[in-house]
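Next comes protein.cif, a file with mmCIF, C-alpha atoms.
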data_final
#
loop_
_atom_site.label_atom_id
_atom_site.label_comp_id
_atom_site.auth_asym_id
_atom_site.auth_seq_id
_atom_site.Cartn_x
_atom_site.Cartn_y
_atom_site.Cartn_z
CA MET G 1 -58.10 -10.13 19.03
CA LYS G 2 -56.59 -12.62 21.47
CA GLU G 3 -54.19 -15.21 20.13
CA ALA G 4 -56.53 -18.04 21.22
CA GLU G 5 -59.32 -16.55 19.06
CA ILE G 6 -57.27 -16.47 15.84
CA LYS G 7 -58.40 -19.15 13.41
CA ASN G 8 -55.90 -21.28 11.49
CA TRP G 9 -56.30 -24.09 9.01
CA MET G 10 -55.17 -27.24 10.79
CA VAL G 11 -54.67 -30.74 9.46
CA LEU G 12 -56.78 -33.42 11.07
CA TYR G 13 -56.14 -37.18 11.00
CA THR G 14 -59.29 -39.33 10.84
CA ARG G 15 -60.11 -43.00 11.03
CA SER G 16 -59.70 -44.79 7.73
CA ARG G 17 -62.58 -44.14 5.30
CA CYS G 18 -64.27 -41.70 7.70
CA GLU G 19 -63.18 -38.44 6.05
CA LYS G 20 -66.58 -37.54 4.54
CA LYS G 21 -68.46 -38.55 7.69
CA VAL G 22 -66.18 -36.46 9.93
CA ASP G 23 -66.49 -33.52 7.52
CA ARG G 24 -70.30 -33.74 7.73
CA LEU G 25 -70.27 -34.04 11.55
CA LEU G 26 -67.98 -31.01 11.89
CA LYS G 27 -70.17 -28.94 9.57
CA ASN G 28 -73.21 -29.91 11.66
CA GLN G 29 -71.35 -28.39 14.64
CA LYS G 30 -70.80 -25.17 12.63
CA ILE G 31 -67.04 -25.87 12.33
CA ASN G 32 -65.47 -24.84 9.03
CA SER G 33 -63.99 -28.03 7.57
CA PHE G 34 -62.69 -28.95 4.13
CA CYS G 35 -62.47 -32.45 2.73
CA PRO G 36 -61.12 -32.21 -0.84
CA LEU G 37 -62.95 -34.75 -2.99
CA VAL G 38 -62.05 -36.03 -6.45
CA LYS G 39 -64.24 -37.97 -8.84
CA THR G 40 -63.05 -41.37 -9.93
CA THR G 41 -64.56 -44.27 -11.83
CA ARG G 42 -64.99 -47.53 -9.96
CA GLN G 43 -65.77 -50.75 -11.74
CA TRP G 44 -68.18 -53.31 -10.36
CA VAL G 45 -69.06 -56.61 -12.01
CA ASP G 46 -72.25 -55.22 -13.54
CA ARG G 47 -71.41 -51.51 -14.07
CA ASN G 48 -69.01 -48.60 -13.84
CA LYS G 49 -69.83 -45.81 -11.44
CA ILE G 50 -68.34 -42.37 -10.84
CA ILE G 51 -67.82 -41.75 -7.13
CA GLU G 52 -66.21 -39.03 -5.04
CA ILE G 53 -63.30 -40.06 -2.86
CA PRO G 54 -61.12 -37.93 -0.55
CA LEU G 55 -57.97 -36.59 -2.21
CA PHE G 56 -55.98 -37.21 0.98
CA GLN G 57 -56.81 -40.49 2.70
CA SER G 58 -57.49 -40.01 6.43
CA TYR G 59 -56.80 -36.24 6.24
CA LEU G 60 -59.18 -33.34 6.66
CA PHE G 61 -58.63 -29.59 7.06
CA VAL G 62 -60.38 -27.52 9.73
CA HIS G 63 -60.41 -23.74 10.16
CA ILE G 64 -60.56 -23.34 13.93
CA ASN G 65 -59.25 -21.42 16.92
CA ALA G 66 -57.80 -22.83 20.14
CA TYR G 67 -61.24 -22.95 21.82
CA GLU G 68 -62.68 -25.20 19.10
CA ARG G 69 -59.90 -27.82 19.24
CA ALA G 70 -61.56 -29.77 22.07
CA ARG G 71 -64.89 -29.92 20.19
CA VAL G 72 -63.11 -31.20 17.09
CA MET G 73 -61.30 -33.90 19.08
CA GLN G 74 -64.61 -35.12 20.56
CA THR G 75 -66.09 -35.67 17.11
CA SER G 76 -66.63 -39.31 16.17
CA GLY G 77 -63.98 -40.55 13.70
CA VAL G 78 -61.31 -38.00 14.65
CA ILE G 79 -57.99 -39.48 15.77
CA ASN G 80 -55.72 -36.45 16.27
CA PHE G 81 -54.26 -33.29 14.82
CA ILE G 82 -51.21 -33.74 12.60
CA SER G 83 -47.99 -32.39 14.10
CA TYR G 84 -45.06 -30.99 12.15
CA CYS G 85 -41.78 -30.30 14.01
CA GLY G 86 -43.54 -30.83 17.35
CA LYS G 87 -46.31 -28.28 16.69
CA PRO G 88 -49.77 -28.75 15.19
CA ALA G 89 -49.50 -28.58 11.41
CA THR G 90 -51.14 -25.47 10.01
CA MET G 91 -51.84 -24.46 6.46
CA LYS G 92 -52.03 -20.96 5.02
CA ASP G 93 -55.27 -19.74 3.47
CA ASN G 94 -53.65 -19.60 0.02
CA GLU G 95 -52.52 -23.25 0.31
CA ILE G 96 -56.10 -24.33 1.04
CA GLU G 97 -57.32 -22.22 -1.90
CA ARG G 98 -54.75 -23.89 -4.16
CA ILE G 99 -56.03 -27.31 -3.13
CA ARG G 100 -59.62 -26.14 -3.79
CA THR G 101 -58.56 -24.87 -7.22
CA ILE G 102 -56.72 -28.09 -8.06
CA VAL G 103 -59.74 -30.20 -7.10
CA ASN G 104 -62.08 -27.98 -9.15
CA GLU G 105 -59.84 -27.52 -12.21
CA TYR G 106 -58.12 -30.88 -12.72
CA THR G 107 -59.64 -34.30 -13.19
CA ASP G 108 -56.64 -36.65 -13.02
CA ILE G 109 -55.40 -36.04 -9.47
CA LYS G 110 -53.83 -38.62 -7.17
CA THR G 111 -51.91 -38.55 -3.91
CA ILE G 112 -48.99 -40.87 -3.28
CA SER G 113 -46.95 -41.55 -0.18
CA LEU G 114 -43.55 -39.89 0.17
CA LYS G 115 -41.96 -43.21 1.14
CA ASN G 116 -41.36 -44.09 -2.53
CA ILE G 117 -40.28 -40.64 -3.76
CA ASN G 118 -36.76 -39.33 -4.30
CA VAL G 119 -36.24 -35.62 -3.78
CA GLY G 120 -35.59 -33.68 -7.00
CA ASP G 121 -35.39 -30.12 -8.25
CA ILE G 122 -37.22 -27.22 -6.67
CA VAL G 123 -39.46 -25.59 -9.28
CA LYS G 124 -41.96 -22.78 -9.48
CA VAL G 125 -45.18 -22.97 -11.48
CA THR G 126 -45.33 -20.04 -13.91
CA ASN G 127 -48.89 -20.42 -15.18
CA GLY G 128 -52.28 -21.90 -14.28
CA PRO G 129 -54.05 -22.47 -10.96
CA LEU G 130 -50.76 -23.31 -9.20
CA LEU G 131 -49.18 -20.00 -10.26
CA ASN G 132 -46.10 -19.16 -8.14
CA HIS G 133 -46.37 -22.41 -6.17
CA GLU G 134 -42.95 -23.84 -5.40
CA GLY G 135 -42.31 -27.48 -4.70
CA GLU G 136 -39.94 -30.34 -5.03
CA VAL G 137 -40.36 -32.40 -8.16
CA SER G 138 -39.65 -36.04 -7.65
CA LYS G 139 -40.60 -37.26 -11.12
CA ILE G 140 -41.67 -35.94 -14.51
CA GLN G 141 -43.27 -38.36 -16.94
CA GLY G 142 -44.71 -36.70 -19.98
CA ARG G 143 -47.10 -34.10 -18.55
CA SER G 144 -47.37 -35.56 -15.03
CA VAL G 145 -45.47 -33.73 -12.33
CA VAL G 146 -45.20 -34.89 -8.73
CA MET G 147 -45.02 -31.99 -6.24
CA ILE G 148 -44.38 -32.55 -2.54
CA LEU G 149 -46.56 -30.98 0.17
CA ASP G 150 -44.38 -31.21 3.29
CA ASN G 151 -47.02 -30.24 5.86
CA ILE G 152 -49.06 -33.38 5.45
CA ASN G 153 -46.38 -35.83 4.32
CA CYS G 154 -48.02 -36.49 0.95
CA ALA G 155 -47.29 -35.78 -2.65
CA LEU G 156 -49.80 -34.43 -5.12
CA THR G 157 -49.71 -35.43 -8.79
CA VAL G 158 -51.22 -33.06 -11.31
CA LYS G 159 -51.02 -33.21 -15.09
CA ILE G 160 -49.28 -29.99 -16.01
CA ASN G 161 -47.37 -28.86 -19.07
CA GLN G 162 -43.62 -28.74 -18.40
CA LYS G 163 -43.54 -25.30 -20.07
CA GLN G 164 -45.44 -24.02 -17.01
CA LEU G 165 -42.45 -24.79 -14.76
CA SER G 166 -39.26 -22.85 -14.18
CA PHE G 167 -36.33 -23.39 -11.86
CA THR G 168 -36.25 -21.20 -8.78
CA SER G 169 -33.40 -18.70 -8.49
CA GLN G 170 -31.93 -20.83 -5.67
CA GLN G 171 -31.89 -23.91 -7.94
CA LEU G 172 -30.28 -21.95 -10.80
CA LEU G 173 -27.61 -20.59 -8.44
CA SER G 174 -26.69 -24.03 -7.07
CA SER G 175 -26.54 -25.59 -10.56
CA SER G 176 -24.23 -22.83 -11.82
CA ILE G 177 -21.85 -23.37 -8.87
CA ASN G 178 -21.58 -27.14 -9.49
#
Reformat the file's structure so that it appears as structure tokens.
Amino acid sequence: MKEAEIKNWMVLYTRSRCEKKVDRLLKNQKINSFCPLVKTTRQWVDRNKIIEIPLFQSYLFVHINAYERARVMQTSGVINFISYCGKPATMKDNEIERIRTIVNEYTDIKTISLKNINVGDIVKVTNGPLLNHEGEVSKIQGRSVVMILDNINCALTVKINQKQLSFTSQQLLSSSIN
């Protein structure tokens, strides 16, 4: 298989509040896209309603090859591909599956900008849907743990029991030296 035919998960930046529309338009073009949605309750004057909103505002994931990039860019609502270190940001299949699992398994999920987060310990999840996932923890409050996803410059908060976390061997080594 030629390198241009290999499909990768890429991170797409969309116009504000157009994530679901772009996802639908891409699927109509037979392009494999993924817009993680979470249910949330919104309050209006006369009622409360449960709605689905994108987990990552203005972000969408597409599984494409080099030939499909131009078609994706021509889709209404698409702004650009996200770059990381000068190259288009790609995600591994298992990272996309983890996000799918998180969206399906947990109900209290939020994303927050990295601008307000201080870097903390590097931990590894020892149990649950995020098994073996390593990340930087910026804050632990009760059962809420903030883990940083570098590729898309966001942080993901998931309620997880602290007993499901362990320090990585690198973290243990550096703490024993200090």
- Quick one: everything within 8 Å of Phe34 (chain G), counting all atoms listed in the file, minus sequence neighbours fewer than 6 positions away in the same chain. Send it as a list in words.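 That gives Asp23, Leu60, Phe61 and Val62 of chain G.
Our summary of the geometry notes that CA of Ala4 (chain G) is positioned 26.1 Å from CA of Ile99 (chain G).
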- How far is it from CA of Arg42 (chain G) to CA of Arg15 (chain G), in Å with one decimal?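 Between CA of Arg42 (chain G) and CA of Arg15 (chain G) the gap works out to 22.0 Å.
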- Query: Once the PyMOL selection byres ((chain G and resi 19) around 8) has been applied to the shown file, what residues remain in the selection, as a PyMOL selection string?
  - Reply: chain G and resi 14-18+20-23+35+54+57-60+77
- Task: Give the answer as one residue: which of G:Val103, G:Cys85, G:Ile96, G:Ile64 has the shortest atom-to-atom distance to Leu26 (chain G), using only C-alpha atoms?
- Result: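 With only C-alpha atoms as the atom set, the closest residue is G:Ile64.
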- When the PyMOL selection byres ((chain G and resi 63) around 10) is applied to the file above, which residues end up in the set, as a list in words?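 Listing what the PyMOL selection byres ((chain G and resi 63) around 10) selects in the shown file: Ile6, Lys7, Asn8, Trp9, Met10, Val11, Ile31, Asn32, Ser33, Phe34, Phe61, Val62, Ile64, Asn65, Glu68, Arg69, Thr90, Met91 and Asp93 of chain G.
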- Query: CA of Pro88 (chain G) and CA of Tyr67 (chain G), how far apart in Å?
  - Reply: 14.5 Å
- Message: Evaluate the PyMOL selection byres ((chain G and resi 80) around 6) against this structure - the residues, as a list in words, please.
- Response: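 Evaluating the PyMOL selection byres ((chain G and resi 80) around 6) on this file yields Tyr13, Ile79 and Phe81 of chain G.
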- With all atoms listed in the file as the atoms that count, which of G:Ala66, G:Leu37, G:Leu12, G:Lys87 lies nearest to Ile102 (chain G)?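 The answer is G:Leu37, which sits nearest to Ile102 (chain G).
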